[in-house]
Amino acid sequence: MSKHQHNAPLPDPVLRVKALESLLIEKGLVDPAALDLLIDTYENQVGPRNGARVVARAWTDPSYRSRLLRDATAAIAEMGFEGRQGEDMVVVENTERVHNLVVCTLCSCYPWPVLGLPPVWYKAAPYRARAVREPRKVLAEFGVDLVDGVEVRVWDSTAELRYLVLPRRPDGTERLSEQELAELVTRDSMIGAGVVPGSKSTDT
Amino acid sequence: MNGMHDLGGMDGFGPIDRNPEEAVFQQEWERRAFALTLAMGARGEWNLDMSRYARERMPPSDYLLSSYYEHWLHGLEHLMAERGLVSAAEISVREDELRSPPHHEAS
């Protein structure tokens, strides 16, 4: 247990982490090279470009899209994306009539293999509190102005189940290649906190 | 279990602050806290639910006043102390040593 007392200032995390890391290395509980590899993986290798490739493939390959909606974990693994915090995935599809929004009210559950680590706002109290209470207002603040009649579905992630939104494909992109399409897909559109520029479901 | 972490539907936290230029980690200590937590988790002595529960047991006022990776640190320290891997006292002694490193005579 922490020796920190109530109402005392919180201990300095910089020094605490240094102390912890030196103790854990000294005790042989962690390998410094493994730490560097973990940081490099999640800072530089894994990120929303993975999810964008999944989305672009679903837009261009109808059988992949149906596999993705039926068994997201397996379909995402086909693309080589799997592992920590993506063990059980569900993909929810935005349509003319439904807009999906993902949150983790309890913490920060997020599909790491396809989106990387979550942004600060996703983990912070205001979004966690408000996304389930006033999602339309939150979406409007994010620049997603839904037309009347669009149903909003909010998915509260858990440690067991993580969601990826399959955003709507913008009109006029029929001639684009899968790779070009992937470049259009934003991180926020796969959380439901945005739409792919040029796509409908907004009235802009 | 209900607790301070159960934020869904609560009022009063203010606007959602989104920074489009945000880096994956904001500070170096966050990188280290993240990696230490994952590396220790990979040893298999606790699972993800236990990690979360350890973070959720943070005193409510501390939970709200501290940042995300401070929650992680709290959880990790708690899990390690419970298993006798690293105690709070050891951490605090090491912090003191790092604050004022022992002097070595120049040779």
# chains A, B, ... in the order shown; residues from 1 in each chain; ligands from 1
>>> select_by_dssp(residues="segment 154-189 of chain A", states="strand (DSSP E)", output="list in words")
Val154, Trp155, Asp156, Arg162, Tyr163, Leu164, Val165 and Leu166 of chain A
>>> select_by_dssp(residues="segment 3-93 of chain B", states="alpha helix (DSSP H)", output="count of residues only")
50
>>> residues_around(residues="Met80 of chain B", least_positions_apart="2", cutoff="12 Å", atoms="only C-alpha atoms", output="NGL selection string")
(:A and (1-2 or 20 or 23-24 or 29)) or (:B and (36-37 or 40-41 or 43 or 45-46 or 50-51 or 54 or 73-78 or 82-88 or 90-91))
>>> write_last_selection(atoms="C-alpha atoms", output="short mmCIF file (atom, residue, chain, number, x, y, z; two decimals), in the first residue's frame")
data_model
loop_
_atom_site.label_atom_id
_atom_site.label_comp_id
_atom_site.auth_asym_id
_atom_site.auth_seq_id
_atom_site.Cartn_x
_atom_site.Cartn_y
_atom_site.Cartn_z
CA MET A 1 0.00 0.00 0.00
CA SER A 2 1.03 3.53 -0.60
CA LEU A 20 10.26 1.53 -9.19
CA LEU A 23 14.11 -1.74 -8.04
CA LEU A 24 12.40 -3.99 -10.57
CA LEU A 29 11.62 -8.77 -12.31
CA LEU B 36 6.63 -1.39 -16.30
CA THR B 37 2.93 -2.15 -15.91
CA MET B 40 4.96 -6.93 -14.82
CA GLY B 41 1.50 -7.92 -16.08
CA ARG B 43 4.58 -12.29 -15.69
CA GLU B 45 0.88 -13.08 -11.40
CA TRP B 46 -2.28 -11.04 -11.89
CA MET B 50 -7.03 -7.50 -10.93
CA SER B 51 -5.02 -4.61 -12.35
CA ALA B 54 -6.16 -2.27 -7.92
CA LEU B 73 1.30 3.38 -10.94
CA HIS B 74 -0.91 3.17 -7.89
CA GLY B 75 -2.35 -0.12 -9.14
CA LEU B 76 1.04 -1.60 -9.95
CA GLU B 77 2.51 -0.65 -6.57
CA HIS B 78 -0.50 -2.13 -4.84
CA GLU B 82 0.34 -7.49 -1.94
CA ARG B 83 2.61 -10.18 -3.37
CA GLY B 84 5.71 -9.11 -1.48
CA LEU B 85 7.55 -8.23 -4.71
CA VAL B 86 8.28 -4.61 -3.87
CA SER B 87 7.10 -2.83 -0.75
CA ALA B 88 6.07 0.78 -0.34
CA GLU B 90 11.49 -0.02 -0.53
CA ILE B 91 10.13 2.46 -3.05
#
>>> closest_residue(among="A:Glu21, A:Glu87, A:Glu78, A:Glu134", to="Val154 of chain A", atoms="only C-alpha atoms")
A:Glu134
>>> closest_residue(among="B:Trp72, B:Trp29, B:Phe13, B:Tyr53", to="Ile39 of chain A", atoms="only C-alpha atoms")
B:Trp29
>>> residues_around(residues="Ala75 of chain A", least_positions_apart="5", cutoff="8 Å", atoms="only C-alpha atoms", output="NGL selection string")
:A and (64 or 67-68)
>>> closest_atom_pairs(of="chain A", to="chain B", cutoff="8 Å", atoms="only C-alpha atoms", output="Markdown table")
| residue | atom | partner | partner_atom | distance |
| --- | --- | --- | --- | --- |
| A:Met1 | CA | B:His78 | CA | 5.3 |
| A:Ser2 | CA | B:Ala88 | CA | 5.8 |
| A:Lys3 | CA | B:Ala88 | CA | 6.7 |
| A:Leu10 | CA | B:Asp62 | CA | 7.4 |
| A:Pro13 | CA | B:Glu70 | CA | 6.8 |
| A:Val14 | CA | B:Trp29 | CA | 5.4 |
| A:Leu15 | CA | B:Glu95 | CA | 6.2 |
| A:Arg16 | CA | B:Glu95 | CA | 6.5 |
| A:Val17 | CA | B:Ala33 | CA | 6.2 |
| A:Lys18 | CA | B:Glu95 | CA | 7.8 |
| A:Ala19 | CA | B:Arg94 | CA | 5.3 |
| A:Leu20 | CA | B:Ile91 | CA | 6.2 |
| A:Glu21 | CA | B:Leu36 | CA | 7.1 |
| A:Leu23 | CA | B:Ile91 | CA | 7.6 |
| A:Leu24 | CA | B:Val86 | CA | 7.9 |
| A:Leu29 | CA | B:Met40 | CA | 7.4 |
| A:Val30 | CA | B:Ala39 | CA | 6.4 |
| A:Ala34 | CA | B:Ala39 | CA | 7.3 |
| A:Leu35 | CA | B:Ala35 | CA | 5.2 |
| A:Asp36 | CA | B:Ala35 | CA | 7.6 |
| A:Leu38 | CA | B:Ala35 | CA | 5.8 |
| A:Ile39 | CA | B:Ala35 | CA | 6.0 |
| A:Glu43 | CA | B:Val24 | CA | 5.9 |
| A:Thr105 | CA | B:Gly8 | CA | 4.9 |
| A:Leu106 | CA | B:Asp6 | CA | 4.9 |
| A:Cys107 | CA | B:His5 | CA | 6.8 |
| A:Leu117 | CA | B:Val24 | CA | 7.0 |
| A:Pro119 | CA | B:Val24 | CA | 7.2 |
| A:Val120 | CA | B:Arg18 | CA | 7.7 |
| A:Trp121 | CA | B:Arg18 | CA | 5.8 |
| A:Lys123 | CA | B:Tyr68 | CA | 7.0 |
| A:Ala124 | CA | B:Tyr68 | CA | 7.5 |
| A:Ala125 | CA | B:Phe13 | CA | 6.4 |
| A:Pro126 | CA | B:Phe13 | CA | 4.9 |
| A:Tyr127 | CA | B:Ile16 | CA | 5.8 |
| A:Arg128 | CA | B:Gly8 | CA | 5.7 |
| A:Ala129 | CA | B:Gly8 | CA | 4.2 |
| A:Arg130 | CA | B:Gly9 | CA | 5.7 |
| A:Ala131 | CA | B:Gly8 | CA | 7.6 |
| A:Val132 | CA | B:Gly9 | CA | 5.9 |
| A:Arg133 | CA | B:Gly9 | CA | 4.9 |
| A:Ala159 | CA | B:Asp49 | CA | 7.2 |
>>> atom_distance(atom1="atom CA of Thr73 of chain A", atom2="atom CA of Val92 of chain A")
12.5 Å
>>> residues_around(residues="Ala74 of chain A", least_positions_apart="3", cutoff="12 Å", atoms="only C-alpha atoms", output="VMD selection string")
chain A and resid 54 64 to 71 77 to 83 86 to 91
>>> write_last_selection(atoms="N, CA, C and O atoms", output="JSON list (two decimals), in the first residue's frame")
[["chain", "number", "residue", "atom", "x", "y", "z"],
["A", 54, "VAL", "N", -8.19, -2.04, -41.89],
["A", 54, "VAL", "CA", -9.35, -2.93, -41.71],
["A", 54, "VAL", "C", -10.59, -2.29, -42.33],
["A", 54, "VAL", "O", -11.34, -2.93, -43.08],
["A", 64, "TYR", "N", -15.24, -9.73, -46.87],
["A", 64, "TYR", "CA", -14.47, -9.37, -45.67],
["A", 64, "TYR", "C", -15.36, -8.58, -44.70],
["A", 64, "TYR", "O", -15.36, -8.83, -43.50],
["A", 65, "ARG", "N", -16.13, -7.64, -45.26],
["A", 65, "ARG", "CA", -17.03, -6.85, -44.41],
["A", 65, "ARG", "C", -17.97, -7.76, -43.62],
["A", 65, "ARG", "O", -18.18, -7.58, -42.42],
["A", 66, "SER", "N", -18.53, -8.77, -44.29],
["A", 66, "SER", "CA", -19.47, -9.61, -43.54],
["A", 66, "SER", "C", -18.75, -10.47, -42.51],
["A", 66, "SER", "O", -19.25, -10.68, -41.41],
["A", 67, "ARG", "N", -17.54, -10.92, -42.83],
["A", 67, "ARG", "CA", -16.76, -11.65, -41.81],
["A", 67, "ARG", "C", -16.44, -10.74, -40.62],
["A", 67, "ARG", "O", -16.49, -11.15, -39.47],
["A", 68, "LEU", "N", -16.10, -9.49, -40.94],
["A", 68, "LEU", "CA", -15.73, -8.53, -39.90],
["A", 68, "LEU", "C", -16.91, -8.26, -38.95],
["A", 68, "LEU", "O", -16.74, -8.18, -37.73],
["A", 69, "LEU", "N", -18.10, -8.16, -39.53],
["A", 69, "LEU", "CA", -19.26, -7.88, -38.69],
["A", 69, "LEU", "C", -19.71, -9.12, -37.93],
["A", 69, "LEU", "O", -20.31, -9.02, -36.86],
["A", 70, "ARG", "N", -19.37, -10.29, -38.47],
["A", 70, "ARG", "CA", -19.79, -11.53, -37.81],
["A", 70, "ARG", "C", -18.81, -11.94, -36.71],
["A", 70, "ARG", "O", -19.19, -12.30, -35.62],
["A", 71, "ASP", "N", -17.53, -11.91, -37.03],
["A", 71, "ASP", "CA", -16.50, -12.30, -36.06],
["A", 71, "ASP", "C", -15.30, -11.37, -36.22],
["A", 71, "ASP", "O", -14.34, -11.67, -36.93],
["A", 77, "ALA", "N", -7.68, -10.41, -37.19],
["A", 77, "ALA", "CA", -6.47, -11.23, -37.13],
["A", 77, "ALA", "C", -6.00, -11.62, -38.53],
["A", 77, "ALA", "O", -4.80, -11.77, -38.77],
["A", 78, "GLU", "N", -6.94, -11.77, -39.47],
["A", 78, "GLU", "CA", -6.56, -12.05, -40.86],
["A", 78, "GLU", "C", -5.61, -10.99, -41.40],
["A", 78, "GLU", "O", -4.79, -11.27, -42.27],
["A", 79, "MET", "N", -5.77, -9.78, -40.93],
["A", 79, "MET", "CA", -4.91, -8.67, -41.39],
["A", 79, "MET", "C", -3.61, -8.62, -40.58],
["A", 79, "MET", "O", -2.79, -7.72, -40.79],
["A", 80, "GLY", "N", -3.48, -9.53, -39.66],
["A", 80, "GLY", "CA", -2.25, -9.59, -38.86],
["A", 80, "GLY", "C", -2.28, -8.76, -37.59],
["A", 80, "GLY", "O", -1.26, -8.59, -36.94],
["A", 81, "PHE", "N", -3.48, -8.25, -37.25],
["A", 81, "PHE", "CA", -3.57, -7.42, -36.05],
["A", 81, "PHE", "C", -4.24, -8.19, -34.92],
["A", 81, "PHE", "O", -5.44, -8.51, -35.00],
["A", 82, "GLU", "N", -3.49, -8.49, -33.91],
["A", 82, "GLU", "CA", -4.08, -9.21, -32.77],
["A", 82, "GLU", "C", -3.22, -8.94, -31.54],
["A", 82, "GLU", "O", -2.22, -8.26, -31.60],
["A", 83, "GLY", "N", -3.66, -9.51, -30.42],
["A", 83, "GLY", "CA", -2.86, -9.38, -29.21],
["A", 83, "GLY", "C", -3.54, -8.57, -28.14],
["A", 83, "GLY", "O", -4.75, -8.35, -28.17],
["A", 86, "GLY", "N", -7.07, -6.73, -27.56],
["A", 86, "GLY", "CA", -7.86, -6.89, -28.77],
["A", 86, "GLY", "C", -8.30, -8.33, -28.87],
["A", 86, "GLY", "O", -8.61, -8.83, -29.94],
["A", 87, "GLU", "N", -8.32, -9.00, -27.73],
["A", 87, "GLU", "CA", -8.60, -10.44, -27.72],
["A", 87, "GLU", "C", -10.04, -10.75, -28.13],
["A", 87, "GLU", "O", -10.30, -11.80, -28.71],
["A", 88, "ASP", "N", -10.95, -9.86, -27.78],
["A", 88, "ASP", "CA", -12.35, -10.05, -28.14],
["A", 88, "ASP", "C", -12.92, -8.76, -28.68],
["A", 88, "ASP", "O", -13.20, -7.83, -27.94],
["A", 89, "MET", "N", -13.04, -8.73, -30.01],
["A", 89, "MET", "CA", -13.42, -7.49, -30.70],
["A", 89, "MET", "C", -14.84, -7.59, -31.27],
["A", 89, "MET", "O", -15.27, -8.66, -31.70],
["A", 90, "VAL", "N", -15.50, -6.45, -31.27],
["A", 90, "VAL", "CA", -16.79, -6.33, -31.96],
["A", 90, "VAL", "C", -16.70, -5.10, -32.86],
["A", 90, "VAL", "O", -16.20, -4.06, -32.43],
["A", 91, "VAL", "N", -17.14, -5.26, -34.11],
["A", 91, "VAL", "CA", -17.18, -4.11, -35.02],
["A", 91, "VAL", "C", -18.64, -3.70, -35.18],
["A", 91, "VAL", "O", -19.51, -4.54, -35.44]]
>>> atom_distance(atom1="atom CA of Val165 of chain A", atom2="atom CA of Asp40 of chain A")
26.0 Å
>>> atom_distance(atom1="atom CA of Asp148 of chain A", atom2="atom CA of His99 of chain A")
11.7 Å
